Every structure is written in structure tokens, then in C-alpha cells.
Amino acid sequence: MMKHMLSLYFIMGSGDCTRDPLTVLDEAIQGGITMFQFREKGKKALTGLEKYRLAEKLFERCKDHNIPFIVNDDVDLALALQADGVHVGQDDEEAARVRDRIGDKYLGVSVHNLAEVRQALAAHADYVGLGPIFPTVSKDDAKQACGLAMIEHIRTYEKHVPLVAIGGITEQTARQVIEAGADGIAVISAICRAEHICEQTKRLYETVMHAKRRG
Ligand code: TZP
Ligand code: MG
């Protein structure tokens, strides 16, 4: 179940979009995304009520289409909306504490190596997000790219952990990412910066599903 949901995980906030975020999400949903994360970051990031209102509308769209809606970092927002889950990084609120606060909602944790995967599992994370796999334009404070080899390394020692790969993944690299052992791809720019979002999303979905069926 979780491994299917991670197949094509779309992450977005208003700062990632050149068009109305609701339109972007609608087209991505039509294209076949399997999970969505609201990640409102950057210089022009919405805050307070504006952030809440946008999240609420995006969540509605996801609910209408049975797409799990995950909130990045902001546990209070996730609880207020009754979102499906929360995603936190290594520098955010501690995963074990987040788990206590959100009960059985989904918990995702960003990781960079095997030790962090094991810590996330100990905190009862539902999945880990590993990256950046490749250089990315979408995260200012991204660590150095870890490459496909880190996916293989983690998969060797943690055969069952639900793992989504993130960072610079494109239609051209999606297949290799799955073949290396990821359950799915998480993308911002591959969808947000596409000229035709629905068609691009469909191609990403087909690429991932085809690679997963072969694996
Ligand atoms: N965490 C690691 S890389 C990244 C995040 C949020 C950004 C991914 O965006 P893109 O555009 O798919 O590289
Ligand atoms: Mg974070």
C-alpha cells in the first residue's frame, strides 16, 4: 500500500509554481500522481492564514481524488487540517515526537544515509525520503547529491523500508532510480516546470510503473 502510494510523489508550494498552484495540482492529479506533499518554503512563502487557506484548498482537491495529502514540517497545520500525514527533515521537529503528536497519520522522514534510515524506522516512520539523488534546483540548503549507489546501499541492508527517492529526478532518470531499489520518485520541478503538466505527469507515471513491474 505505502509502496504504491510512493510511486509518483508530487511535492509543491506556491513558490514552485509559475501558474496557480490549484491548477498545477489539478493537472498533476489528472496525470496520475499517487501522493502529494504541501511544501511552502522560500523567500515568498505564504504564512499564517494565507498558508492555511491554500493548504485547505489543495487538500480538498486531493481528498476528491483519494490522493494522500502530506504537510511538510508544519505539524500544527497538519493537525489543524486533519491532513493524512507529515514529512520532516533531520533538522525539523524530532521524528519520534512528531509520531507521538500525529498518532497513526503517515510520518515521512528525510534521510541521507543508512544510519538515518534506521533512526527513522526506530521512530516509527512510515516511509523515508532519500536524497538528493542528483543535483537539484528546488532546495536551497540541499546536501551534496548521494547518487544511485546510496539507494542500492540502503536497499541491501533494509530490504523492506518504504523508500522514495528525491532530488533532480526526471523522466530520463526515473527508471534507473526504481531499478536501484526505490519504491517511487518524489519530484518538484519535473512536474512544476513542465510545459504540459498533465502529459508530463502521465509519462513519469508510466515510466515508474513500467520499471516497478519489471523489478
Ligand atoms: N529534498 C531533497 S532534494 C529536494 C527536496 C525537497 C528538492 C526536489 O526537487 P526537484 O525539483 O525534484 O529536484
Ligand atoms: Mg523540513
# chains A, B, ... in the order shown; residues from 1 in each chain; ligands from 1
$ closest_atom_pairs --of "chain A" --to "ligand 2" --cutoff "10 Å" --atoms "only C-alpha atoms and all ligand atoms" --output "JSON lines"
{"residue": "A:Arg39", "atom": "CA", "partner": "ligand 2", "partner_atom_place_in_ligand_line": "1 (Mg)", "distance": 8.5}
{"residue": "A:Lys41", "atom": "CA", "partner": "ligand 2", "partner_atom_place_in_ligand_line": "1 (Mg)", "distance": 9.2}
{"residue": "A:Val71", "atom": "CA", "partner": "ligand 2", "partner_atom_place_in_ligand_line": "1 (Mg)", "distance": 9.9}
{"residue": "A:Asn72", "atom": "CA", "partner": "ligand 2", "partner_atom_place_in_ligand_line": "1 (Mg)", "distance": 6.1}
{"residue": "A:Asp73", "atom": "CA", "partner": "ligand 2", "partner_atom_place_in_ligand_line": "1 (Mg)", "distance": 4.9}
{"residue": "A:Asp74", "atom": "CA", "partner": "ligand 2", "partner_atom_place_in_ligand_line": "1 (Mg)", "distance": 8.5}
{"residue": "A:Val86", "atom": "CA", "partner": "ligand 2", "partner_atom_place_in_ligand_line": "1 (Mg)", "distance": 9.9}
{"residue": "A:His87", "atom": "CA", "partner": "ligand 2", "partner_atom_place_in_ligand_line": "1 (Mg)", "distance": 7.2}
{"residue": "A:Val88", "atom": "CA", "partner": "ligand 2", "partner_atom_place_in_ligand_line": "1 (Mg)", "distance": 4.8}
{"residue": "A:Gly89", "atom": "CA", "partner": "ligand 2", "partner_atom_place_in_ligand_line": "1 (Mg)", "distance": 4.2}
{"residue": "A:Gln90", "atom": "CA", "partner": "ligand 2", "partner_atom_place_in_ligand_line": "1 (Mg)", "distance": 7.3}
{"residue": "A:Asp91", "atom": "CA", "partner": "ligand 2", "partner_atom_place_in_ligand_line": "1 (Mg)", "distance": 6.7}
{"residue": "A:Asp92", "atom": "CA", "partner": "ligand 2", "partner_atom_place_in_ligand_line": "1 (Mg)", "distance": 5.5}
{"residue": "A:Glu93", "atom": "CA", "partner": "ligand 2", "partner_atom_place_in_ligand_line": "1 (Mg)", "distance": 8.6}
{"residue": "A:Val109", "atom": "CA", "partner": "ligand 2", "partner_atom_place_in_ligand_line": "1 (Mg)", "distance": 8.8}
{"residue": "A:Ser110", "atom": "CA", "partner": "ligand 2", "partner_atom_place_in_ligand_line": "1 (Mg)", "distance": 7.8}
$ residues_near_ligand --ligand "ligand 1" --cutoff "10 Å" --atoms "only C-alpha atoms and all ligand atoms" --output "ChimeraX atom specification"
/A:9-12,16,37,39,41,72,89,110-112,129-145,165-170,185-193
$ atom_distance --atom1 "CA of Gly215 in chain A" --atom2 "CA of Glu171 in chain A"
17.6 Å
$ atom_distance --atom1 "CA of Pro21 in chain A" --atom2 "CA of Ala55 in chain A"
10.2 Å
$ closest_residue --among "A:Glu27, A:Asp76, A:Asp20, A:Glu152" --to "His196 in chain A" --atoms "only C-alpha atoms"
A:Glu27
$ closest_residue --among "A:Leu79, A:Met150, A:Ala120, A:Ile29" --to "Ala96 in chain A" --atoms "only C-alpha atoms"
A:Ala120
$ closest_residue --among "A:Gln82, A:Thr156, A:Ser7, A:Gln30" --to "Thr201 in chain A" --atoms "only C-alpha atoms"
A:Gln30
$ closest_residue --among "A:Lys44, A:Arg61, A:Val98, A:Met209" --to "Ala125 in chain A" --atoms "only C-alpha atoms"
A:Val98
$ closest_residue --among "A:Ala180, A:Ala95, A:Ile154, A:Ala174" --to "Arg203 in chain A" --atoms "only C-alpha atoms"
A:Ala174
$ atom_distance --atom1 "CA of Pro162 in chain A" --atom2 "CA of His4 in chain A"
9.4 Å
$ closest_residue --among "A:Arg99, A:Gln176, A:Cys62, A:Ile33" --to "Lys202 in chain A" --atoms "only C-alpha atoms"
A:Ile33
$ select_by_dssp --residues "range 58-161 of chain A" --states "helix (DSSP H, G or I)" --output "mmCIF file with all heavy atoms, in the first residue's frame"
data_model
loop_
_atom_site.group_PDB
_atom_site.id
_atom_site.type_symbol
_atom_site.label_atom_id
_atom_site.label_comp_id
_atom_site.auth_asym_id
_atom_site.auth_seq_id
_atom_site.Cartn_x
_atom_site.Cartn_y
_atom_site.Cartn_z
ATOM 1 N N LEU A 58 -5.849 22.904 -1.482
ATOM 2 C CA LEU A 58 -5.093 21.812 -2.113
ATOM 3 C C LEU A 58 -5.531 20.465 -1.528
ATOM 4 O O LEU A 58 -5.671 19.467 -2.255
ATOM 5 C CB LEU A 58 -3.585 22.022 -1.908
ATOM 6 C CG LEU A 58 -2.973 23.247 -2.608
ATOM 7 C CD1 LEU A 58 -1.567 23.523 -2.070
ATOM 8 C CD2 LEU A 58 -2.932 23.072 -4.126
ATOM 9 N N PHE A 59 -5.762 20.464 -0.229
ATOM 10 C CA PHE A 59 -6.202 19.243 0.458
ATOM 11 C C PHE A 59 -7.550 18.771 -0.087
ATOM 12 O O PHE A 59 -7.770 17.577 -0.320
ATOM 13 C CB PHE A 59 -6.253 19.514 1.961
ATOM 14 C CG PHE A 59 -6.558 18.315 2.829
ATOM 15 C CD1 PHE A 59 -6.312 17.017 2.410
ATOM 16 C CD2 PHE A 59 -7.078 18.511 4.115
ATOM 17 C CE1 PHE A 59 -6.590 15.924 3.239
ATOM 18 C CE2 PHE A 59 -7.359 17.429 4.943
ATOM 19 C CZ PHE A 59 -7.119 16.135 4.503
ATOM 20 N N GLU A 60 -8.455 19.731 -0.317
ATOM 21 C CA GLU A 60 -9.774 19.389 -0.887
ATOM 22 C C GLU A 60 -9.625 18.636 -2.202
ATOM 23 O O GLU A 60 -10.272 17.608 -2.440
ATOM 24 C CB GLU A 60 -10.598 20.663 -1.141
ATOM 25 C CG GLU A 60 -11.255 21.242 0.091
ATOM 26 C CD GLU A 60 -12.210 20.261 0.767
ATOM 27 O OE1 GLU A 60 -12.976 19.587 0.044
ATOM 28 O OE2 GLU A 60 -12.172 20.162 2.009
ATOM 29 N N ARG A 61 -8.750 19.178 -3.062
ATOM 30 C CA ARG A 61 -8.518 18.548 -4.375
ATOM 31 C C ARG A 61 -8.023 17.115 -4.187
ATOM 32 O O ARG A 61 -8.434 16.198 -4.885
ATOM 33 C CB ARG A 61 -7.476 19.297 -5.189
ATOM 34 C CG ARG A 61 -7.816 20.727 -5.481
ATOM 35 C CD ARG A 61 -9.079 20.811 -6.304
ATOM 36 N NE ARG A 61 -9.010 21.813 -7.346
ATOM 37 C CZ ARG A 61 -9.326 23.099 -7.172
ATOM 38 N NH1 ARG A 61 -9.714 23.542 -5.994
ATOM 39 N NH2 ARG A 61 -9.259 23.948 -8.189
ATOM 40 N N CYS A 62 -7.094 16.952 -3.235
ATOM 41 C CA CYS A 62 -6.530 15.617 -3.004
ATOM 42 C C CYS A 62 -7.600 14.663 -2.488
ATOM 43 O O CYS A 62 -7.699 13.520 -2.935
ATOM 44 C CB CYS A 62 -5.361 15.697 -2.029
ATOM 45 S SG CYS A 62 -3.888 16.389 -2.773
ATOM 46 N N LYS A 63 -8.411 15.154 -1.532
ATOM 47 C CA LYS A 63 -9.479 14.314 -0.970
ATOM 48 C C LYS A 63 -10.420 13.834 -2.055
ATOM 49 O O LYS A 63 -10.808 12.659 -2.091
ATOM 50 C CB LYS A 63 -10.287 15.131 0.051
ATOM 51 C CG LYS A 63 -9.843 14.946 1.481
ATOM 52 C CD LYS A 63 -10.853 15.600 2.429
ATOM 53 C CE LYS A 63 -10.244 16.847 3.012
ATOM 54 N NZ LYS A 63 -11.103 17.610 3.912
ATOM 55 N N ASP A 64 -10.786 14.761 -2.970
ATOM 56 C CA ASP A 64 -11.722 14.410 -4.048
ATOM 57 C C ASP A 64 -11.189 13.260 -4.905
ATOM 58 O O ASP A 64 -11.960 12.586 -5.578
ATOM 59 C CB ASP A 64 -11.963 15.617 -4.972
ATOM 60 C CG ASP A 64 -12.818 16.675 -4.289
ATOM 61 O OD1 ASP A 64 -13.420 16.364 -3.245
ATOM 62 O OD2 ASP A 64 -12.872 17.805 -4.812
ATOM 63 N N VAL A 75 3.653 20.542 11.737
ATOM 64 C CA VAL A 75 2.791 19.559 12.407
ATOM 65 C C VAL A 75 1.474 20.212 12.829
ATOM 66 O O VAL A 75 0.410 19.596 12.716
ATOM 67 C CB VAL A 75 3.512 18.941 13.627
ATOM 68 C CG1 VAL A 75 2.638 17.886 14.304
ATOM 69 C CG2 VAL A 75 4.841 18.321 13.210
ATOM 70 N N ASP A 76 1.554 21.457 13.288
ATOM 71 C CA ASP A 76 0.328 22.148 13.713
ATOM 72 C C ASP A 76 -0.664 22.267 12.557
ATOM 73 O O ASP A 76 -1.861 22.041 12.730
ATOM 74 C CB ASP A 76 0.655 23.553 14.244
ATOM 75 C CG ASP A 76 1.439 23.504 15.543
ATOM 76 O OD1 ASP A 76 1.261 22.523 16.306
ATOM 77 O OD2 ASP A 76 2.232 24.421 15.794
ATOM 78 N N LEU A 77 -0.144 22.617 11.383
ATOM 79 C CA LEU A 77 -1.013 22.746 10.212
ATOM 80 C C LEU A 77 -1.632 21.391 9.855
ATOM 81 O O LEU A 77 -2.832 21.301 9.577
ATOM 82 C CB LEU A 77 -0.216 23.297 9.018
ATOM 83 C CG LEU A 77 -0.990 23.418 7.698
ATOM 84 C CD1 LEU A 77 -2.157 24.386 7.825
ATOM 85 C CD2 LEU A 77 -0.059 23.871 6.565
ATOM 86 N N ALA A 78 -0.808 20.349 9.878
ATOM 87 C CA ALA A 78 -1.315 19.012 9.546
ATOM 88 C C ALA A 78 -2.437 18.611 10.511
ATOM 89 O O ALA A 78 -3.460 18.057 10.089
ATOM 90 C CB ALA A 78 -0.186 17.993 9.585
ATOM 91 N N LEU A 79 -2.252 18.899 11.787
ATOM 92 C CA LEU A 79 -3.269 18.539 12.778
ATOM 93 C C LEU A 79 -4.526 19.391 12.600
ATOM 94 O O LEU A 79 -5.648 18.885 12.669
ATOM 95 C CB LEU A 79 -2.708 18.696 14.195
ATOM 96 C CG LEU A 79 -1.623 17.686 14.592
ATOM 97 C CD1 LEU A 79 -1.000 18.058 15.942
ATOM 98 C CD2 LEU A 79 -2.174 16.265 14.636
ATOM 99 N N ALA A 80 -4.340 20.689 12.342
ATOM 100 C CA ALA A 80 -5.492 21.585 12.172
ATOM 101 C C ALA A 80 -6.345 21.152 10.982
ATOM 102 O O ALA A 80 -7.574 21.199 11.026
ATOM 103 C CB ALA A 80 -5.018 23.026 12.003
ATOM 104 N N LEU A 81 -5.681 20.736 9.906
ATOM 105 C CA LEU A 81 -6.412 20.334 8.691
ATOM 106 C C LEU A 81 -6.911 18.900 8.753
ATOM 107 O O LEU A 81 -7.696 18.484 7.912
ATOM 108 C CB LEU A 81 -5.480 20.427 7.477
ATOM 109 C CG LEU A 81 -5.109 21.793 6.923
ATOM 110 C CD1 LEU A 81 -4.003 21.632 5.898
ATOM 111 C CD2 LEU A 81 -6.326 22.453 6.291
ATOM 112 N N ALA A 95 11.514 13.163 14.856
ATOM 113 C CA ALA A 95 10.523 12.247 14.286
ATOM 114 C C ALA A 95 9.717 11.520 15.369
ATOM 115 O O ALA A 95 8.497 11.374 15.248
ATOM 116 C CB ALA A 95 11.211 11.244 13.366
ATOM 117 N N ALA A 96 10.377 11.071 16.424
ATOM 118 C CA ALA A 96 9.667 10.318 17.468
ATOM 119 C C ALA A 96 8.605 11.191 18.144
ATOM 120 O O ALA A 96 7.511 10.731 18.487
ATOM 121 C CB ALA A 96 10.657 9.798 18.507
ATOM 122 N N ARG A 97 8.932 12.477 18.312
ATOM 123 C CA ARG A 97 7.988 13.401 18.921
ATOM 124 C C ARG A 97 6.814 13.660 17.970
ATOM 125 O O ARG A 97 5.645 13.713 18.371
ATOM 126 C CB ARG A 97 8.707 14.722 19.238
ATOM 127 C CG ARG A 97 7.976 15.579 20.228
ATOM 128 C CD ARG A 97 8.742 16.865 20.506
ATOM 129 N NE ARG A 97 7.913 18.018 20.190
ATOM 130 C CZ ARG A 97 6.994 18.518 21.000
ATOM 131 N NH1 ARG A 97 6.798 17.967 22.184
ATOM 132 N NH2 ARG A 97 6.262 19.557 20.651
ATOM 133 N N VAL A 98 7.149 13.803 16.680
ATOM 134 C CA VAL A 98 6.089 14.002 15.690
ATOM 135 C C VAL A 98 5.159 12.784 15.699
ATOM 136 O O VAL A 98 3.931 12.922 15.691
ATOM 137 C CB VAL A 98 6.675 14.231 14.277
ATOM 138 C CG1 VAL A 98 5.546 14.358 13.251
ATOM 139 C CG2 VAL A 98 7.554 15.478 14.256
ATOM 140 N N ARG A 99 5.749 11.605 15.752
ATOM 141 C CA ARG A 99 4.928 10.374 15.795
ATOM 142 C C ARG A 99 3.953 10.423 16.964
ATOM 143 O O ARG A 99 2.764 10.112 16.823
ATOM 144 C CB ARG A 99 5.843 9.140 15.870
ATOM 145 C CG ARG A 99 5.144 7.844 16.171
ATOM 146 C CD ARG A 99 3.978 7.556 15.255
ATOM 147 N NE ARG A 99 4.343 7.015 13.958
ATOM 148 C CZ ARG A 99 3.618 7.223 12.832
ATOM 149 N NH1 ARG A 99 2.518 7.961 12.843
ATOM 150 N NH2 ARG A 99 3.984 6.691 11.694
ATOM 151 N N ASP A 100 4.445 10.834 18.135
ATOM 152 C CA ASP A 100 3.566 10.938 19.309
ATOM 153 C C ASP A 100 2.422 11.912 19.061
ATOM 154 O O ASP A 100 1.292 11.685 19.491
ATOM 155 C CB ASP A 100 4.351 11.413 20.536
ATOM 156 C CG ASP A 100 5.196 10.294 21.116
ATOM 157 O OD1 ASP A 100 4.939 9.116 20.764
ATOM 158 O OD2 ASP A 100 6.112 10.595 21.896
ATOM 159 N N ARG A 101 2.726 13.013 18.377
ATOM 160 C CA ARG A 101 1.705 14.043 18.187
ATOM 161 C C ARG A 101 0.668 13.668 17.137
ATOM 162 O O ARG A 101 -0.480 14.110 17.229
ATOM 163 C CB ARG A 101 2.368 15.370 17.781
ATOM 164 C CG ARG A 101 3.203 15.998 18.889
ATOM 165 C CD ARG A 101 3.764 17.336 18.450
ATOM 166 N NE ARG A 101 2.698 18.306 18.174
ATOM 167 C CZ ARG A 101 2.881 19.449 17.516
ATOM 168 N NH1 ARG A 101 4.086 19.757 17.064
ATOM 169 N NH2 ARG A 101 1.880 20.270 17.318
ATOM 170 N N ILE A 102 1.066 12.901 16.123
ATOM 171 C CA ILE A 102 0.141 12.660 15.000
ATOM 172 C C ILE A 102 -0.535 11.297 15.052
ATOM 173 O O ILE A 102 -1.350 10.980 14.183
ATOM 174 C CB ILE A 102 0.832 12.843 13.622
ATOM 175 C CG1 ILE A 102 1.897 11.763 13.375
ATOM 176 C CG2 ILE A 102 1.429 14.237 13.500
ATOM 177 C CD1 ILE A 102 2.489 11.810 11.970
ATOM 178 N N LEU A 114 22.253 5.311 5.654
ATOM 179 C CA LEU A 114 21.653 4.151 6.309
ATOM 180 C C LEU A 114 21.360 4.396 7.795
ATOM 181 O O LEU A 114 20.317 3.978 8.310
ATOM 182 C CB LEU A 114 22.578 2.939 6.139
ATOM 183 C CG LEU A 114 22.076 1.618 6.700
ATOM 184 C CD1 LEU A 114 20.779 1.184 6.036
ATOM 185 C CD2 LEU A 114 23.157 0.530 6.524
ATOM 186 N N ALA A 115 22.263 5.093 8.477
ATOM 187 C CA ALA A 115 22.051 5.356 9.914
ATOM 188 C C ALA A 115 20.758 6.152 10.116
ATOM 189 O O ALA A 115 19.972 5.864 11.031
ATOM 190 C CB ALA A 115 23.253 6.107 10.492
ATOM 191 N N GLU A 116 20.537 7.138 9.252
ATOM 192 C CA GLU A 116 19.318 7.946 9.392
ATOM 193 C C GLU A 116 18.068 7.137 9.027
ATOM 194 O O GLU A 116 16.997 7.357 9.610
ATOM 195 C CB GLU A 116 19.427 9.216 8.524
ATOM 196 C CG GLU A 116 20.444 10.205 9.101
ATOM 197 C CD GLU A 116 20.663 11.443 8.237
ATOM 198 O OE1 GLU A 116 20.068 11.556 7.138
ATOM 199 O OE2 GLU A 116 21.462 12.312 8.663
ATOM 200 N N VAL A 117 18.198 6.215 8.099
ATOM 201 C CA VAL A 117 17.063 5.324 7.789
ATOM 202 C C VAL A 117 16.694 4.537 9.042
ATOM 203 O O VAL A 117 15.513 4.436 9.411
ATOM 204 C CB VAL A 117 17.420 4.347 6.647
ATOM 205 C CG1 VAL A 117 16.329 3.286 6.483
ATOM 206 C CG2 VAL A 117 17.628 5.088 5.334
ATOM 207 N N ARG A 118 17.699 4.009 9.721
ATOM 208 C CA ARG A 118 17.419 3.178 10.902
ATOM 209 C C ARG A 118 16.833 4.001 12.040
ATOM 210 O O ARG A 118 15.943 3.529 12.746
ATOM 211 C CB ARG A 118 18.702 2.436 11.305
ATOM 212 C CG ARG A 118 18.994 1.357 10.271
ATOM 213 C CD ARG A 118 20.204 0.535 10.557
ATOM 214 N NE ARG A 118 20.207 -0.636 9.664
ATOM 215 C CZ ARG A 118 21.279 -1.330 9.340
ATOM 216 N NH1 ARG A 118 22.466 -0.992 9.824
ATOM 217 N NH2 ARG A 118 21.176 -2.365 8.537
ATOM 218 N N GLN A 119 17.322 5.232 12.188
ATOM 219 C CA GLN A 119 16.727 6.123 13.204
ATOM 220 C C GLN A 119 15.261 6.402 12.875
ATOM 221 O O GLN A 119 14.413 6.424 13.769
ATOM 222 C CB GLN A 119 17.459 7.468 13.214
ATOM 223 C CG GLN A 119 18.705 7.506 14.074
ATOM 224 C CD GLN A 119 19.526 8.766 13.791
ATOM 225 O OE1 GLN A 119 18.988 9.776 13.325
ATOM 226 N NE2 GLN A 119 20.806 8.695 14.058
ATOM 227 N N ALA A 120 14.990 6.635 11.598
ATOM 228 C CA ALA A 120 13.609 6.936 11.183
ATOM 229 C C ALA A 120 12.710 5.733 11.473
ATOM 230 O O ALA A 120 11.581 5.894 11.963
ATOM 231 C CB ALA A 120 13.567 7.298 9.695
ATOM 232 N N LEU A 121 13.201 4.549 11.191
ATOM 233 C CA LEU A 121 12.399 3.346 11.458
ATOM 234 C C LEU A 121 12.164 3.175 12.956
ATOM 235 O O LEU A 121 11.069 2.800 13.379
ATOM 236 C CB LEU A 121 13.081 2.114 10.870
ATOM 237 C CG LEU A 121 13.088 2.047 9.334
ATOM 238 C CD1 LEU A 121 13.941 0.885 8.846
ATOM 239 C CD2 LEU A 121 11.662 1.930 8.794
ATOM 240 N N ALA A 122 13.188 3.492 13.757
ATOM 241 C CA ALA A 122 13.044 3.392 15.216
ATOM 242 C C ALA A 122 11.986 4.374 15.729
ATOM 243 O O ALA A 122 11.331 4.114 16.732
ATOM 244 C CB ALA A 122 14.395 3.645 15.896
ATOM 245 N N GLY A 147 23.688 10.154 -5.205
ATOM 246 C CA GLY A 147 23.781 9.228 -6.333
ATOM 247 C C GLY A 147 22.936 7.972 -6.155
ATOM 248 O O GLY A 147 22.421 7.684 -5.066
ATOM 249 N N LEU A 148 22.820 7.221 -7.230
ATOM 250 C CA LEU A 148 22.020 5.990 -7.222
ATOM 251 C C LEU A 148 22.607 4.945 -6.278
ATOM 252 O O LEU A 148 21.883 4.102 -5.727
ATOM 253 C CB LEU A 148 21.946 5.409 -8.632
ATOM 254 C CG LEU A 148 21.222 6.275 -9.676
ATOM 255 C CD1 LEU A 148 21.507 5.759 -11.080
ATOM 256 C CD2 LEU A 148 19.730 6.312 -9.392
ATOM 257 N N ALA A 149 23.923 5.003 -6.078
ATOM 258 C CA ALA A 149 24.591 3.992 -5.247
ATOM 259 C C ALA A 149 24.051 3.991 -3.818
ATOM 260 O O ALA A 149 24.018 2.935 -3.169
ATOM 261 C CB ALA A 149 26.102 4.229 -5.240
ATOM 262 N N MET A 150 23.637 5.165 -3.324
ATOM 263 C CA MET A 150 23.109 5.208 -1.950
ATOM 264 C C MET A 150 21.758 4.483 -1.853
ATOM 265 O O MET A 150 21.448 3.882 -0.824
ATOM 266 C CB MET A 150 22.985 6.662 -1.468
ATOM 267 C CG MET A 150 22.571 6.797 -0.017
ATOM 268 S SD MET A 150 23.687 5.972 1.160
ATOM 269 C CE MET A 150 24.966 7.212 1.296
ATOM 270 N N ILE A 151 20.975 4.527 -2.919
ATOM 271 C CA ILE A 151 19.714 3.762 -2.915
ATOM 272 C C ILE A 151 20.042 2.265 -2.810
ATOM 273 O O ILE A 151 19.474 1.542 -1.984
ATOM 274 C CB ILE A 151 18.888 4.011 -4.201
ATOM 275 C CG1 ILE A 151 18.652 5.497 -4.427
ATOM 276 C CG2 ILE A 151 17.553 3.245 -4.132
ATOM 277 C CD1 ILE A 151 17.895 5.808 -5.738
ATOM 278 N N GLU A 152 20.975 1.829 -3.621
ATOM 279 C CA GLU A 152 21.352 0.401 -3.628
ATOM 280 C C GLU A 152 21.904 -0.019 -2.265
ATOM 281 O O GLU A 152 21.583 -1.093 -1.752
ATOM 282 C CB GLU A 152 22.403 0.144 -4.717
ATOM 283 C CG GLU A 152 21.830 0.266 -6.109
ATOM 284 C CD GLU A 152 22.892 0.242 -7.200
ATOM 285 O OE1 GLU A 152 24.099 0.150 -6.879
ATOM 286 O OE2 GLU A 152 22.504 0.336 -8.379
ATOM 287 N N HIS A 153 22.734 0.837 -1.693
ATOM 288 C CA HIS A 153 23.341 0.552 -0.387
ATOM 289 C C HIS A 153 22.258 0.352 0.676
ATOM 290 O O HIS A 153 22.263 -0.641 1.415
ATOM 291 C CB HIS A 153 24.254 1.724 -0.012
ATOM 292 C CG HIS A 153 24.863 1.622 1.346
ATOM 293 N ND1 HIS A 153 25.810 0.667 1.659
ATOM 294 C CD2 HIS A 153 24.669 2.346 2.471
ATOM 295 C CE1 HIS A 153 26.166 0.824 2.925
ATOM 296 N NE2 HIS A 153 25.484 1.825 3.445
ATOM 297 N N ILE A 154 21.314 1.281 0.720
ATOM 298 C CA ILE A 154 20.257 1.187 1.737
ATOM 299 C C ILE A 154 19.392 -0.051 1.480
ATOM 300 O O ILE A 154 19.037 -0.776 2.412
ATOM 301 C CB ILE A 154 19.431 2.485 1.767
ATOM 302 C CG1 ILE A 154 20.306 3.581 2.394
ATOM 303 C CG2 ILE A 154 18.130 2.304 2.547
ATOM 304 C CD1 ILE A 154 19.752 4.966 2.285
ATOM 305 N N ARG A 155 19.102 -0.305 0.216
ATOM 306 C CA ARG A 155 18.249 -1.451 -0.099
ATOM 307 C C ARG A 155 18.926 -2.773 0.262
ATOM 308 O O ARG A 155 18.263 -3.740 0.637
ATOM 309 C CB ARG A 155 17.882 -1.400 -1.590
ATOM 310 C CG ARG A 155 16.739 -2.264 -1.984
ATOM 311 C CD ARG A 155 15.527 -2.156 -1.060
ATOM 312 N NE ARG A 155 14.527 -1.193 -1.441
ATOM 313 C CZ ARG A 155 13.643 -0.683 -0.581
ATOM 314 N NH1 ARG A 155 13.659 -1.009 0.700
ATOM 315 N NH2 ARG A 155 12.737 0.176 -0.992
ATOM 316 N N THR A 156 20.247 -2.803 0.205
ATOM 317 C CA THR A 156 20.977 -4.019 0.574
ATOM 318 C C THR A 156 20.738 -4.374 2.044
ATOM 319 O O THR A 156 20.594 -5.543 2.400
ATOM 320 C CB THR A 156 22.491 -3.822 0.342
ATOM 321 O OG1 THR A 156 22.670 -3.436 -1.020
ATOM 322 C CG2 THR A 156 23.274 -5.096 0.612
ATOM 323 N N TYR A 157 20.695 -3.332 2.899
ATOM 324 C CA TYR A 157 20.616 -3.583 4.345
ATOM 325 C C TYR A 157 19.207 -3.440 4.916
ATOM 326 O O TYR A 157 18.912 -3.985 5.979
ATOM 327 C CB TYR A 157 21.578 -2.652 5.088
ATOM 328 C CG TYR A 157 23.014 -2.957 4.733
ATOM 329 C CD1 TYR A 157 23.691 -2.201 3.787
ATOM 330 C CD2 TYR A 157 23.654 -4.056 5.301
ATOM 331 C CE1 TYR A 157 24.992 -2.512 3.434
ATOM 332 C CE2 TYR A 157 24.956 -4.378 4.942
ATOM 333 C CZ TYR A 157 25.617 -3.604 4.015
ATOM 334 O OH TYR A 157 26.893 -3.929 3.653
#
$ residues_around --residues "Gly85 in chain A" --least-positions-apart "5" --cutoff "6 Å" --atoms "only C-alpha atoms" --output "PyMOL selection string"
chain A and resi 70+105-107
$ select_by_dssp --residues "range 79-145 of chain A" --states "strand (DSSP E)" --output "list in words"
Gly85, Val86, His87, Val88, Tyr106, Leu107, Gly108, Val109, Ser110, Val111, Tyr127, Val128, Gly129 and Leu130 of chain A
